[in-house]
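Just input11.cif here, mmCIF, C-alpha atoms:
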data_start
#
loop_
_atom_site.label_atom_id
_atom_site.label_comp_id
_atom_site.auth_asym_id
_atom_site.auth_seq_id
_atom_site.Cartn_x
_atom_site.Cartn_y
_atom_site.Cartn_z
CA MET A 64 -13.62 -30.75 -50.92
CA PRO A 65 -11.90 -27.32 -50.95
CA PHE A 66 -12.47 -25.03 -48.00
CA TRP A 67 -14.13 -22.20 -49.96
CA LEU A 68 -16.70 -24.64 -51.34
CA GLU A 69 -17.47 -25.81 -47.80
CA ILE A 70 -18.01 -22.21 -46.71
CA LEU A 71 -20.26 -21.55 -49.71
CA ILE A 72 -22.33 -24.67 -49.03
CA ASN A 73 -22.69 -23.74 -45.37
CA ILE A 74 -23.80 -20.19 -46.17
CA ILE A 75 -26.39 -21.28 -48.75
CA PHE A 76 -27.71 -24.17 -46.69
CA SER A 77 -28.06 -22.22 -43.45
CA TYR A 78 -30.06 -19.56 -45.33
CA VAL A 79 -32.30 -22.18 -46.95
CA ALA A 80 -32.80 -24.05 -43.66
CA SER A 81 -33.78 -20.90 -41.75
CA VAL A 82 -36.19 -19.76 -44.44
CA GLY A 83 -37.61 -23.28 -44.70
CA PHE A 84 -38.34 -23.40 -40.99
CA ALA A 85 -39.76 -19.88 -41.17
CA LEU A 86 -42.22 -21.12 -43.81
CA THR A 87 -43.46 -23.92 -41.58
CA ILE A 88 -44.19 -21.55 -38.65
CA ASN A 89 -45.82 -18.78 -40.74
CA VAL A 90 -43.31 -15.98 -40.31
CA PRO A 91 -44.66 -12.79 -41.99
CA HIS A 92 -43.65 -12.37 -45.65
CA ARG A 93 -41.84 -9.10 -45.19
CA VAL A 94 -39.26 -10.51 -42.74
CA LEU A 95 -38.53 -13.90 -44.39
CA ASN A 96 -35.34 -12.70 -46.07
CA LEU A 97 -33.87 -11.06 -42.98
CA ALA A 98 -34.66 -14.14 -40.88
CA GLY A 99 -32.56 -16.14 -43.34
CA VAL A 100 -29.72 -13.61 -43.14
CA SER A 101 -29.81 -13.82 -39.35
CA GLY A 102 -29.63 -17.62 -39.69
CA ILE A 103 -26.54 -17.38 -41.93
CA ILE A 104 -24.71 -15.10 -39.52
CA GLY A 105 -25.52 -17.22 -36.47
CA TRP A 106 -24.60 -20.53 -38.11
CA MET A 107 -21.37 -19.21 -39.65
CA THR A 108 -20.29 -17.84 -36.25
CA TYR A 109 -20.94 -21.24 -34.69
CA TRP A 110 -19.34 -23.21 -37.53
CA LEU A 111 -16.17 -21.14 -37.83
CA LEU A 112 -15.66 -21.12 -34.06
CA ALA A 113 -16.25 -24.87 -33.91
CA LYS A 114 -13.75 -25.37 -36.80
CA ALA A 115 -11.26 -23.22 -34.93
CA GLY A 116 -11.57 -25.65 -32.03
CA SER A 117 -13.24 -23.51 -29.39
CA GLY A 118 -15.49 -26.31 -28.18
CA ARG A 119 -19.20 -26.94 -28.20
CA MET A 120 -20.26 -24.58 -25.44
CA LEU A 121 -18.45 -21.39 -26.46
CA SER A 122 -19.34 -21.69 -30.14
CA ASN A 123 -23.03 -22.22 -29.40
CA LEU A 124 -23.01 -19.34 -26.93
CA MET A 125 -21.42 -16.96 -29.43
CA GLY A 126 -23.79 -18.08 -32.19
CA ALA A 127 -26.85 -17.44 -30.04
CA PHE A 128 -25.39 -14.10 -28.85
CA ILE A 129 -24.87 -12.88 -32.42
CA ILE A 130 -28.36 -14.07 -33.41
CA GLY A 131 -29.86 -12.15 -30.48
CA ILE A 132 -28.04 -8.94 -31.45
CA MET A 133 -28.98 -9.31 -35.13
CA GLY A 134 -32.61 -9.95 -34.15
CA LEU A 135 -32.74 -6.75 -32.09
CA ILE A 136 -31.21 -4.72 -34.94
CA PHE A 137 -33.55 -6.20 -37.55
CA ALA A 138 -36.55 -5.69 -35.26
CA ARG A 139 -35.71 -1.96 -35.15
CA ILE A 140 -35.40 -1.80 -38.93
CA LYS A 141 -38.56 -3.74 -39.80
CA LYS A 142 -40.67 -2.74 -36.75
CA ALA A 143 -41.53 -6.40 -36.05
CA PRO A 144 -41.27 -8.51 -32.85
CA VAL A 145 -37.79 -9.91 -32.09
CA THR A 146 -39.13 -13.47 -32.01
CA VAL A 147 -39.81 -13.64 -35.75
CA PHE A 148 -36.08 -13.28 -36.46
CA ASN A 149 -34.66 -15.28 -33.57
CA ILE A 150 -36.63 -18.50 -33.88
CA PRO A 151 -35.85 -19.40 -37.51
CA ALA A 152 -32.24 -18.34 -37.03
CA LEU A 153 -31.75 -20.52 -33.95
CA VAL A 154 -32.96 -23.70 -35.71
CA PRO A 155 -29.54 -24.75 -37.08
CA LEU A 156 -28.10 -24.46 -33.55
CA VAL A 157 -30.69 -26.77 -31.96
CA PRO A 158 -28.84 -29.88 -30.67
CA GLY A 159 -30.51 -32.35 -33.04
CA VAL A 160 -27.60 -34.74 -33.44
CA PRO A 161 -26.88 -35.41 -29.74
CA ALA A 162 -30.62 -35.72 -29.05
CA TYR A 163 -30.96 -38.35 -31.78
CA GLN A 164 -27.83 -40.12 -30.60
CA ALA A 165 -29.27 -40.27 -27.09
CA VAL A 166 -32.42 -41.99 -28.39
CA ARG A 167 -30.36 -44.32 -30.56
CA SER A 168 -28.03 -45.35 -27.72
CA LEU A 169 -30.92 -45.90 -25.32
CA VAL A 170 -32.68 -48.11 -27.89
CA ASN A 171 -29.49 -50.13 -28.29
CA GLY A 172 -29.30 -50.59 -24.53
CA ASP A 173 -26.16 -48.50 -24.15
CA VAL A 174 -27.23 -46.43 -21.13
CA ASP A 175 -23.82 -44.80 -20.55
CA ALA A 176 -23.58 -43.39 -24.06
CA GLY A 177 -27.21 -42.26 -23.82
CA GLU A 178 -26.55 -40.37 -20.61
CA ALA A 179 -23.50 -38.69 -22.11
CA ALA A 180 -25.55 -37.58 -25.14
CA ILE A 181 -28.35 -36.24 -22.91
CA LEU A 182 -25.80 -34.25 -20.93
CA ARG A 183 -24.46 -32.85 -24.21
CA VAL A 184 -27.99 -31.75 -25.17
CA ALA A 185 -28.38 -30.02 -21.80
CA VAL A 186 -25.05 -28.20 -22.16
CA VAL A 187 -25.86 -26.97 -25.66
CA THR A 188 -29.35 -25.82 -24.63
CA CYS A 189 -27.98 -23.95 -21.62
CA SER A 190 -25.30 -22.23 -23.69
CA ILE A 191 -27.87 -21.12 -26.27
CA ALA A 192 -30.00 -19.73 -23.42
CA LEU A 193 -26.99 -17.92 -21.98
CA GLY A 194 -26.18 -16.43 -25.38
CA ILE A 195 -29.68 -15.01 -25.74
CA LEU A 196 -29.61 -13.72 -22.16
CA LEU A 197 -26.29 -11.99 -22.80
CA SER A 198 -27.58 -10.34 -25.97
CA THR A 199 -30.64 -9.01 -24.11
CA MET A 200 -28.39 -7.69 -21.34
CA PHE A 201 -26.04 -6.11 -23.87
CA THR A 202 -28.76 -4.13 -25.63
CA GLU A 203 -30.28 -3.05 -22.32
CA MET A 204 -26.90 -1.74 -21.24
CA LEU A 205 -26.47 0.06 -24.55
CA ASN A 206 -29.87 1.72 -24.27
CA ARG A 207 -29.19 2.83 -20.72
CA THR A 208 -25.82 4.35 -21.59
CA ARG A 209 -27.37 6.17 -24.51
CA LYS A 210 -30.09 7.57 -22.24
CA VAL A 211 -27.56 8.75 -19.63
CA TYR A 212 -25.50 10.37 -22.37
CA LYS A 213 -28.54 12.17 -23.78
CA ASN A 214 -29.56 13.51 -20.35
CA LYS A 215 -26.05 14.80 -19.75
CA ARG A 216 -26.07 16.66 -23.03
CA LYS A 217 -29.41 18.22 -22.23
CA ARG A 218 -28.16 19.47 -18.87
CA ILE A 219 -25.16 21.14 -20.45
CA MET B 230 -71.30 9.45 -19.94
CA THR B 231 -74.10 7.71 -18.14
CA ASN B 232 -73.49 4.59 -16.14
CA LYS B 233 -74.86 2.25 -18.76
CA GLU B 234 -72.87 3.79 -21.58
CA SER B 235 -69.63 3.61 -19.68
CA GLU B 236 -70.31 -0.03 -18.85
CA LYS B 237 -70.73 -0.78 -22.55
CA PHE B 238 -67.53 1.08 -23.35
CA TYR B 239 -65.57 -0.89 -20.75
CA GLN B 240 -67.00 -4.14 -22.02
CA GLU B 241 -65.90 -3.31 -25.56
CA ILE B 242 -62.36 -2.55 -24.45
CA LEU B 243 -62.18 -5.75 -22.43
CA ASP B 244 -63.38 -7.71 -25.45
CA ILE B 245 -60.79 -6.17 -27.76
CA CYS B 246 -57.92 -6.66 -25.31
CA LEU B 247 -58.81 -10.26 -24.49
CA THR B 248 -59.17 -11.20 -28.16
CA ALA B 249 -55.85 -9.56 -28.98
CA GLY B 250 -54.17 -11.42 -26.11
CA ARG B 251 -55.71 -14.74 -27.13
CA LEU B 252 -54.53 -14.32 -30.72
CA MET B 253 -50.99 -13.51 -29.62
CA ILE B 254 -50.74 -16.49 -27.27
CA GLU B 255 -52.17 -18.80 -29.95
CA GLY B 256 -49.56 -17.46 -32.35
CA GLY B 257 -46.75 -18.29 -29.93
CA SER B 258 -45.69 -14.94 -28.49
CA GLU B 259 -43.71 -14.28 -25.32
CA MET B 260 -45.84 -13.46 -22.27
CA TYR B 261 -44.41 -10.02 -21.54
CA ARG B 262 -45.24 -8.96 -25.09
CA VAL B 263 -48.84 -10.19 -24.68
CA GLU B 264 -49.29 -8.31 -21.41
CA ASP B 265 -47.59 -5.22 -22.79
CA THR B 266 -49.77 -5.11 -25.91
CA MET B 267 -53.00 -5.55 -23.92
CA LEU B 268 -52.04 -2.81 -21.45
CA ARG B 269 -51.08 -0.50 -24.29
CA ILE B 270 -54.40 -0.94 -26.08
CA ALA B 271 -56.32 -0.26 -22.86
CA ARG B 272 -54.26 2.81 -21.93
CA ASN B 273 -54.51 4.28 -25.41
CA ALA B 274 -58.28 3.84 -25.22
CA GLY B 275 -58.28 6.05 -22.13
CA ILE B 276 -58.33 3.58 -19.23
CA ASP B 277 -56.29 4.74 -16.23
CA ASP B 278 -55.37 1.58 -14.42
CA PRO B 279 -55.61 -1.64 -16.47
CA ARG B 280 -54.23 -4.86 -14.98
CA VAL B 281 -53.36 -8.05 -16.83
CA PHE B 282 -52.18 -11.51 -15.88
CA ALA B 283 -51.44 -13.86 -18.78
CA THR B 284 -50.52 -17.54 -18.75
CA PRO B 285 -50.33 -19.99 -21.68
CA THR B 286 -53.76 -21.39 -20.75
CA GLY B 287 -55.73 -18.28 -19.80
CA ILE B 288 -55.74 -14.48 -19.53
CA PHE B 289 -57.18 -12.34 -16.73
CA MET B 290 -57.81 -8.65 -17.15
CA SER B 291 -59.38 -5.94 -15.01
CA LEU B 292 -60.07 -2.28 -15.68
CA ASP B 293 -60.09 0.80 -13.45
CA GLY B 294 -59.03 -0.81 -10.24
CA GLY B 295 -61.21 -3.91 -10.33
CA ASP B 296 -64.58 -2.47 -11.23
CA MET B 297 -64.78 -4.89 -14.15
CA MET B 298 -62.86 -8.08 -14.49
CA GLN B 299 -62.94 -10.90 -17.04
CA MET B 300 -60.96 -13.92 -18.06
CA LYS B 301 -60.56 -15.95 -21.21
CA GLN B 302 -59.46 -19.53 -21.56
CA ILE B 303 -57.03 -20.56 -24.29
CA ARG B 304 -57.54 -24.05 -25.59
CA ASP B 305 -55.22 -24.55 -28.51
CA ARG B 306 -51.79 -23.11 -28.95
CA ASN B 307 -50.56 -23.28 -32.52
CA ILE B 308 -47.47 -21.68 -33.94
CA ASN B 309 -48.24 -18.80 -36.26
CA LEU B 310 -45.93 -15.84 -35.91
CA GLU B 311 -47.87 -13.90 -38.51
CA LEU B 312 -50.66 -13.48 -35.91
CA VAL B 313 -48.23 -11.98 -33.39
CA ASP B 314 -46.91 -9.56 -35.97
CA ARG B 315 -50.38 -8.49 -37.16
CA VAL B 316 -51.76 -7.81 -33.66
CA ASN B 317 -48.56 -5.98 -32.70
CA ASP B 318 -48.85 -3.84 -35.81
CA LEU B 319 -52.52 -3.04 -35.12
CA SER B 320 -51.76 -1.96 -31.55
CA ARG B 321 -48.97 0.28 -32.89
CA GLN B 322 -51.35 1.87 -35.39
CA PHE B 323 -53.90 2.42 -32.61
CA ALA B 324 -51.25 4.08 -30.45
CA THR B 325 -50.35 6.57 -33.18
CA LYS B 326 -54.08 7.31 -33.74
CA LYS B 327 -54.02 5.99 -37.32
CA ILE B 328 -57.13 3.90 -36.58
CA ASN B 329 -59.85 4.41 -33.97
CA LEU B 330 -61.40 1.93 -31.53
CA THR B 331 -64.12 0.61 -33.87
CA GLN B 332 -61.63 0.09 -36.67
CA LEU B 333 -59.27 -1.71 -34.28
CA ARG B 334 -62.09 -3.97 -33.14
CA GLN B 335 -63.05 -4.75 -36.72
CA ALA B 336 -59.45 -5.43 -37.73
CA ILE B 337 -58.78 -7.76 -34.78
CA LEU B 338 -61.98 -9.70 -35.40
CA ASP B 339 -60.96 -9.94 -39.05
CA VAL B 340 -57.57 -11.41 -38.11
CA ALA B 341 -59.31 -13.84 -35.71
CA THR B 342 -61.79 -15.20 -38.27
CA ASN B 343 -59.54 -15.67 -41.28
CA THR B 344 -56.14 -16.40 -39.82
CA PRO B 345 -53.38 -15.57 -42.28
CA ALA B 346 -51.23 -18.60 -43.13
CA PHE B 347 -49.01 -19.89 -45.89
CA PRO B 348 -50.61 -22.53 -48.15
CA LEU B 349 -49.81 -26.13 -47.25
CA TRP B 350 -47.71 -26.80 -50.36
CA LEU B 351 -45.40 -23.91 -49.46
CA GLN B 352 -45.06 -25.23 -45.91
CA ALA B 353 -44.26 -28.66 -47.37
CA VAL B 354 -41.55 -27.12 -49.58
CA GLY B 355 -40.18 -25.43 -46.47
CA ALA B 356 -40.13 -28.73 -44.59
CA ALA B 357 -38.36 -30.48 -47.49
CA THR B 358 -35.59 -27.91 -47.87
CA LEU B 359 -35.21 -27.62 -44.10
CA SER B 360 -34.72 -31.31 -43.45
CA ALA B 361 -32.37 -31.88 -46.40
CA THR B 362 -30.11 -28.89 -45.76
CA LEU B 363 -29.98 -29.32 -41.99
CA MET B 364 -28.95 -32.96 -42.47
CA VAL B 365 -25.93 -31.80 -44.48
CA LEU B 366 -25.08 -29.03 -42.01
CA PHE B 367 -25.29 -31.31 -38.97
CA MET B 368 -23.45 -34.33 -40.31
CA ASP B 369 -20.62 -32.25 -41.83
CA ASP B 370 -19.59 -35.06 -44.23
CA TYR B 371 -21.46 -33.87 -47.36
CA ASP B 372 -23.06 -37.13 -48.49
CA TRP B 373 -25.43 -36.39 -51.36
CA VAL B 374 -27.10 -39.82 -51.28
CA ASP B 375 -29.21 -39.03 -48.22
CA PHE B 376 -30.04 -35.51 -49.42
CA PRO B 377 -33.23 -36.36 -51.40
CA ALA B 378 -34.16 -39.12 -48.95
CA ALA B 379 -34.19 -36.69 -46.00
CA ALA B 380 -36.34 -34.26 -48.00
CA VAL B 381 -38.90 -36.95 -48.87
CA VAL B 382 -39.14 -38.29 -45.32
CA GLY B 383 -39.35 -34.76 -43.88
CA VAL B 384 -42.24 -33.76 -46.16
CA LEU B 385 -44.08 -37.01 -45.51
CA GLY B 386 -43.85 -36.62 -41.75
CA TYR B 387 -44.73 -32.92 -41.75
CA VAL B 388 -47.81 -33.21 -44.00
CA PHE B 389 -49.04 -36.19 -42.03
CA TYR B 390 -48.53 -34.23 -38.79
CA VAL B 391 -50.57 -31.27 -40.07
CA TYR B 392 -53.47 -33.50 -41.17
CA PHE B 393 -53.41 -35.75 -38.12
CA LYS B 394 -53.48 -32.77 -35.74
CA ARG B 395 -56.88 -31.73 -37.10
CA TYR B 396 -58.51 -35.03 -36.19
CA THR B 397 -57.33 -35.60 -32.64
CA LYS B 398 -57.66 -33.69 -29.40
CA VAL B 399 -54.93 -35.66 -27.62
CA ARG B 400 -51.79 -33.58 -27.26
CA PHE B 401 -48.43 -35.09 -28.29
CA LEU B 402 -50.14 -37.98 -30.10
CA SER B 403 -49.66 -36.37 -33.52
CA GLU B 404 -45.93 -35.90 -32.86
CA LEU B 405 -45.59 -39.52 -31.75
CA VAL B 406 -47.42 -40.94 -34.78
CA SER B 407 -45.56 -38.67 -37.23
CA ALA B 408 -42.22 -39.71 -35.74
CA MET B 409 -43.26 -43.36 -36.12
CA LEU B 410 -44.17 -42.75 -39.76
CA MET B 411 -40.82 -41.02 -40.35
CA GLY B 412 -38.96 -43.96 -38.83
CA MET B 413 -40.88 -46.40 -40.99
CA ALA B 414 -40.27 -44.37 -44.16
CA ALA B 415 -36.56 -43.96 -43.45
CA ILE B 416 -36.08 -47.69 -42.83
CA GLY B 417 -38.10 -48.46 -45.96
CA ILE B 418 -35.87 -46.20 -48.05
CA HIS B 419 -32.83 -47.87 -46.56
CA PHE B 420 -34.17 -51.29 -47.65
CA MET B 421 -34.72 -50.04 -51.21
CA PHE B 422 -31.41 -48.15 -51.47
CA PRO B 423 -28.91 -49.82 -49.14
CA GLN B 424 -26.26 -47.09 -49.55
CA THR B 425 -28.39 -44.59 -47.56
CA ILE B 426 -27.91 -44.23 -43.80
CA VAL B 427 -31.03 -44.36 -41.61
CA ASP B 428 -29.55 -42.14 -38.85
CA ASN B 429 -28.71 -39.29 -41.24
CA ILE B 430 -32.15 -39.34 -42.85
CA LEU B 431 -33.94 -39.30 -39.49
CA ILE B 432 -31.79 -36.52 -38.01
CA GLY B 433 -32.72 -34.27 -40.92
CA ALA B 434 -36.38 -35.24 -41.09
CA LEU B 435 -37.07 -34.92 -37.36
CA MET B 436 -35.89 -31.29 -37.37
CA THR B 437 -39.20 -30.29 -38.99
CA LEU B 438 -41.07 -31.16 -35.78
CA VAL B 439 -38.46 -30.25 -33.16
CA PRO B 440 -39.89 -27.83 -30.54
CA GLY B 441 -37.38 -25.07 -31.21
CA LEU B 442 -39.95 -22.30 -30.86
CA ALA B 443 -41.38 -23.59 -27.60
CA LEU B 444 -37.93 -23.90 -26.08
CA THR B 445 -36.77 -20.43 -27.14
CA ASN B 446 -39.98 -18.86 -25.88
CA ALA B 447 -39.72 -20.74 -22.59
CA LEU B 448 -36.22 -19.39 -22.04
CA ARG B 449 -37.25 -15.84 -22.90
CA ASP B 450 -40.22 -16.08 -20.51
CA LEU B 451 -37.98 -17.33 -17.71
CA PHE B 452 -35.54 -14.47 -18.23
CA MET B 453 -38.29 -11.87 -18.22
CA GLY B 454 -39.58 -13.16 -14.87
CA ASP B 455 -42.72 -14.94 -16.13
CA LEU B 456 -41.77 -18.07 -14.22
CA LEU B 457 -45.15 -19.79 -14.56
CA SER B 458 -45.29 -19.56 -18.37
CA GLY B 459 -41.61 -20.35 -18.66
CA VAL B 460 -41.85 -23.57 -16.70
CA VAL B 461 -45.07 -24.64 -18.43
CA ARG B 462 -43.62 -24.06 -21.88
CA MET B 463 -40.36 -25.78 -21.00
CA PHE B 464 -42.32 -28.83 -19.91
CA GLU B 465 -44.37 -28.76 -23.09
CA ALA B 466 -41.20 -28.67 -25.18
CA THR B 467 -39.70 -31.56 -23.22
CA LEU B 468 -42.82 -33.67 -23.68
CA THR B 469 -42.84 -32.96 -27.42
CA ALA B 470 -39.20 -34.00 -27.69
CA LEU B 471 -39.93 -37.16 -25.69
CA ALA B 472 -42.85 -38.01 -28.00
CA LEU B 473 -40.63 -37.61 -31.07
CA GLY B 474 -37.84 -39.69 -29.56
CA GLY B 475 -40.27 -42.35 -28.40
CA GLY B 476 -41.88 -42.67 -31.82
CA VAL B 477 -38.55 -43.12 -33.57
CA ALA B 478 -37.32 -45.51 -30.89
CA ILE B 479 -40.39 -47.75 -31.25
CA MET B 480 -39.93 -48.00 -35.02
CA ILE B 481 -36.19 -48.69 -34.83
CA LYS B 482 -36.79 -51.37 -32.24
CA PHE B 483 -39.59 -53.07 -34.19
CA LEU B 484 -38.10 -52.95 -37.65
CA GLY B 485 -34.58 -53.52 -36.37
CA ALA B 486 -32.55 -51.00 -38.32
#
Represent the structure of the file as structure tokens.
Amino acid sequence: MPFWLEILINIIFSYVASVGFALTINVPHRVLNLAGVSGIIGWMTYWLLAKAGSGRMLSNLMGAFIIGIMGLIFARIKKAPVTVFNIPALVPLVPGVPAYQAVRSLVNGDVDAGEAAILRVAVVTCSIALGILLSTMFTEMLNRTRKVYKNKRKRI
Amino acid sequence: MTNKESEKFYQEILDICLTAGRLMIEGGSEMYRVEDTMLRIARNAGIDDPRVFATPTGIFMSLDGGDMMQMKQIRDRNINLELVDRVNDLSRQFATKKINLTQLRQAILDVATNTPAFPLWLQAVGAATLSATLMVLFMDDYDWVDFPAAAVVGVLGYVFYVYFKRYTKVRFLSELVSAMLMGMAAIGIHFMFPQTIVDNILIGALMTLVPGLALTNALRDLFMGDLLSGVVRMFEATLTALALGGGVAIMIKFLGA
């Protein structure tokens, strides 16, 4: 399969998956499209970084970071809570495969492989959490600098 | 204002704030947003010193330094982000004086009685597309044989979950039973069409019930300092995941896939 077709499939499918999840949790109509866009950007960041060989943790962290930033921007535009953009967009990053593999290995009696998969789930979850934390910190910093700058201009 | 009138006024504000908070928690909002919205409504109604403490199972609120104080228990926590958005929007409109207190009360009661939601068929379409596309994204090997199978199993499990949840009060039982049904359906499809892979189908289908929202909210709560809600929600998400894994494991073990 050529590389451009893979990229196209990934873009379309991440949009459809995010919007599909948004439908099951009743996201308001007016933000459905932007939630899907946020999902595309987050998944493509993760996927391209993972293809470039930057490892599971960094790619998940960057994906969650970008999703957090996009969510804050979209929330400003649409005047809606940040959650309605972040949750559908984060769905493709949820560690579904290692979690399933953990169950599968434990059922087969392979405790070592199960433990390794559980550890992988924990690492991915922690890196997603760190990504969201970093995005919150980033915007807070930005707001504070903007406020300081404004006050300075007023004094002059 | 006489004493009796002011008491009635305070009672009305407490009612509005507690209902708004209950709706937001039932919709799956973060705790700091719930507390913030309730405080905003009270302040914009002219209360000097409102105080709120919100947890996933109950809200406490007092007005004017403890002269009046009430709590409200929250029994069921669904996921409906439309509720969060509506209540947030109403509180914004109240802050900019677009609607007055009686209109706000009427609007919030209106949201509470007929909760806005997508029709079930649309949710089922969402579940189908979600499980099929996520299967392809996760596995990264682009097999189109499992694509329709994952969609069918995902819809089956999701619709069964929605119906089963209405008839039981036991938490986590609906997740367990739906996961068992999904495992059975996936293994059945594999028997009929041997070229499909059970693992791929189940990975896609289970994503419809995965507690992504609970986990994200738990993390956000922990980062905002609401340790109690964060830990409670994290535990809820873990138990949901365990129920899903257990259901699938039982079926794989019994039917021997």
Original post:
Once the PyMOL selection byres ((chain B and resi 414-423) around 12) has been applied to the shown file, what residues remain in the selection, as a PyMOL selection string?
Top reply: chain B and resi 374-375+377-386+407-413+424-435+477+480-486
Subject >> Residue nearest chain A - candidates B:Ile303, B:Val281, B:Val461, B:Leu363, atoms counted: all atoms listed in the file >> reply: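 Of B:Ile303, B:Val281, B:Val461, B:Leu363, the one nearest chain A is B:Leu363, counting all atoms listed in the file.
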Considering all atoms listed in the file, give me a table of residues in chain B that are at most 8 Å from chain A, with the closest atom pair and distance in Å for each, as CSV.
residue,atom,partner,partner_atom,distance
B:Ser258,CA,A:Thr146,CA,7.6
B:Ile308,CA,A:Ile88,CA,5.7
B:Asn309,CA,A:Asn89,CA,5.1
B:Leu310,CA,A:Val90,CA,5.1
B:Glu311,CA,A:Pro91,CA,4.9
B:Val313,CA,A:Pro144,CA,7.8
B:Asp314,CA,A:Ala143,CA,6.2
B:Asn317,CA,A:Pro144,CA,7.7
B:Asp318,CA,A:Ala143,CA,7.8
B:Ala346,CA,A:Asn89,CA,5.9
B:Phe347,CA,A:Asn89,CA,6.2
B:Leu351,CA,A:Leu86,CA,7.1
B:Gln352,CA,A:Thr87,CA,4.8
B:Ala353,CA,A:Thr87,CA,7.5
B:Val354,CA,A:Gly83,CA,7.4
B:Gly355,CA,A:Gly83,CA,3.8
B:Ala356,CA,A:Gly83,CA,6.0
B:Ala357,CA,A:Gly83,CA,7.8
B:Thr358,CA,A:Gly83,CA,6.0
B:Leu359,CA,A:Ala80,CA,4.3
B:Ser360,CA,A:Ala80,CA,7.5
B:Thr362,CA,A:Phe76,CA,5.4
B:Leu363,CA,A:Ala80,CA,6.2
B:Leu366,CA,A:Asn73,CA,6.7
B:Phe367,CA,A:Val160,CA,6.9
B:Ile432,CA,A:Val160,CA,6.5
B:Met436,CA,A:Gly159,CA,7.0
B:Thr437,CA,A:Phe84,CA,7.2
B:Gly441,CA,A:Val154,CA,6.5
B:Leu442,CA,A:Ile150,CA,5.9
B:Thr445,CA,A:Ile150,CA,7.0
B:Leu448,CA,A:Ala192,CA,6.4
B:Arg449,CA,A:Leu196,CA,8.0
B:Phe452,CA,A:Leu196,CA,7.2
B:Gly474,CA,A:Val166,CA,6.0
B:Gly475,CA,A:Val166,CA,7.9
B:Ala478,CA,A:Val170,CA,6.1
B:Ile481,CA,A:Val170,CA,7.8
B:Lys482,CA,A:Val170,CA,6.8
Subject >> Contacts of B:Glu255 at 7 Å (all atoms listed in the file; same-chain gap of 3+ positions) as a ChimeraX atom specification >> reply: /B:251-252,305-308
**OP:** Pick out the closest residue to B:Met463 from this set: B:Lys398, B:Pro440, B:Ile479, B:Asp369. Count all atoms listed in the file.
**Re:** B:Pro440
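Close contacts of A:Lys141, defined as residues with an atom at most 10 Å away when counting only C-alpha atoms, with chain neighbours fewer than 3 positions off set aside, comprise Arg93, Val94, Leu97, Ile136, Phe137, Ala138, Pro144 and Val145 of chain A.
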Those selected residues, please, written with C-alpha atoms and delivered as a compact mmCIF listing (two decimals), in the coordinates of the input.
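The result, written out as part_33.txt:
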# COMPACT_ATOMS: atom_id res chain seq x y z
CA ARG A 93 -41.84 -9.10 -45.19
CA VAL A 94 -39.26 -10.51 -42.74
CA LEU A 97 -33.87 -11.06 -42.98
CA ILE A 136 -31.21 -4.72 -34.94
CA PHE A 137 -33.55 -6.20 -37.55
CA ALA A 138 -36.55 -5.69 -35.26
CA PRO A 144 -41.27 -8.51 -32.85
CA VAL A 145 -37.79 -9.91 -32.09
**OP:** Report as a list of chain:residue names the full result of the PyMOL selection byres ((chain B and resi 262) around 10) when it is applied to this structure.
**Re:** A:Pro144, B:Gly250, B:Met253, B:Ile254, B:Ser258, B:Glu259, B:Met260, B:Tyr261, B:Val263, B:Glu264, B:Asp265, B:Thr266, B:Met267, B:Leu268, B:Val313, B:Asn317, B:Asp450
Original post:
Which value, in Å to one decimal, gives the distance between atom CA of B:Lys301 and atom CA of B:Gly257?
Top reply: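 Computed distance, atom CA of B:Lys301 to atom CA of B:Gly257, equals 16.5 Å.
The two atoms in question, atom CA of A:Asn96 and atom CA of A:Thr108, are spaced 18.7 Å apart.
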Original post:
Residues picked by the PyMOL selection byres ((chain B and resi 279) around 7) here, as a VMD selection string?
Top reply: chain B and resid 268 271 276 to 278 280 to 281 291 to 293
**OP:** Find the residues near B:Gln299: any atom within 8 Å, counting only C-alpha atoms, skip ones fewer than 3 places away on the same chain, and give them as a PyMOL selection string.
**Re:** chain B and resi 243+289-291
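Atom CA of B:Leu456 to atom CA of B:Leu468 spans 18.3 Å [interatomic distance, one decimal].
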**OP:** Please provide as a VMD selection string all residues within 9 Å of B:Arg462, with the sequence filter that same-chain residues fewer than 4 positions apart are discarded (counting only C-alpha atoms).
**Re:** chain B and resid 285 443 to 444 446 to 448 450 457 to 458 466 to 467
How big is the axis-aligned box, and where does its centre sit, when it encloses all atoms of stretch 470-476 of chain B listed in the file and has 6 Å added on every side, reported in Å to one decimal as AutoDock Vina command-line options?
--center_x -40.3 --center_y -38.3 --center_z -28.8 --size_x 17.0 --size_y 20.7 --size_z 18.1
Original post:
Leaving out stretch 233-238 of chain B and any residue of its chain fewer than 3 positions from it, which residues lie within 12 Å of it when counting all atoms listed in the file, given as a list in words?
Top reply: Met230, Glu241, Ile242, Leu243, Asp244, Ile245, Ala271, Ala274, Gly275, Ile276, Leu292, Asp293, Asp296, Met297, Met298, Leu330 and Thr331 of chain B
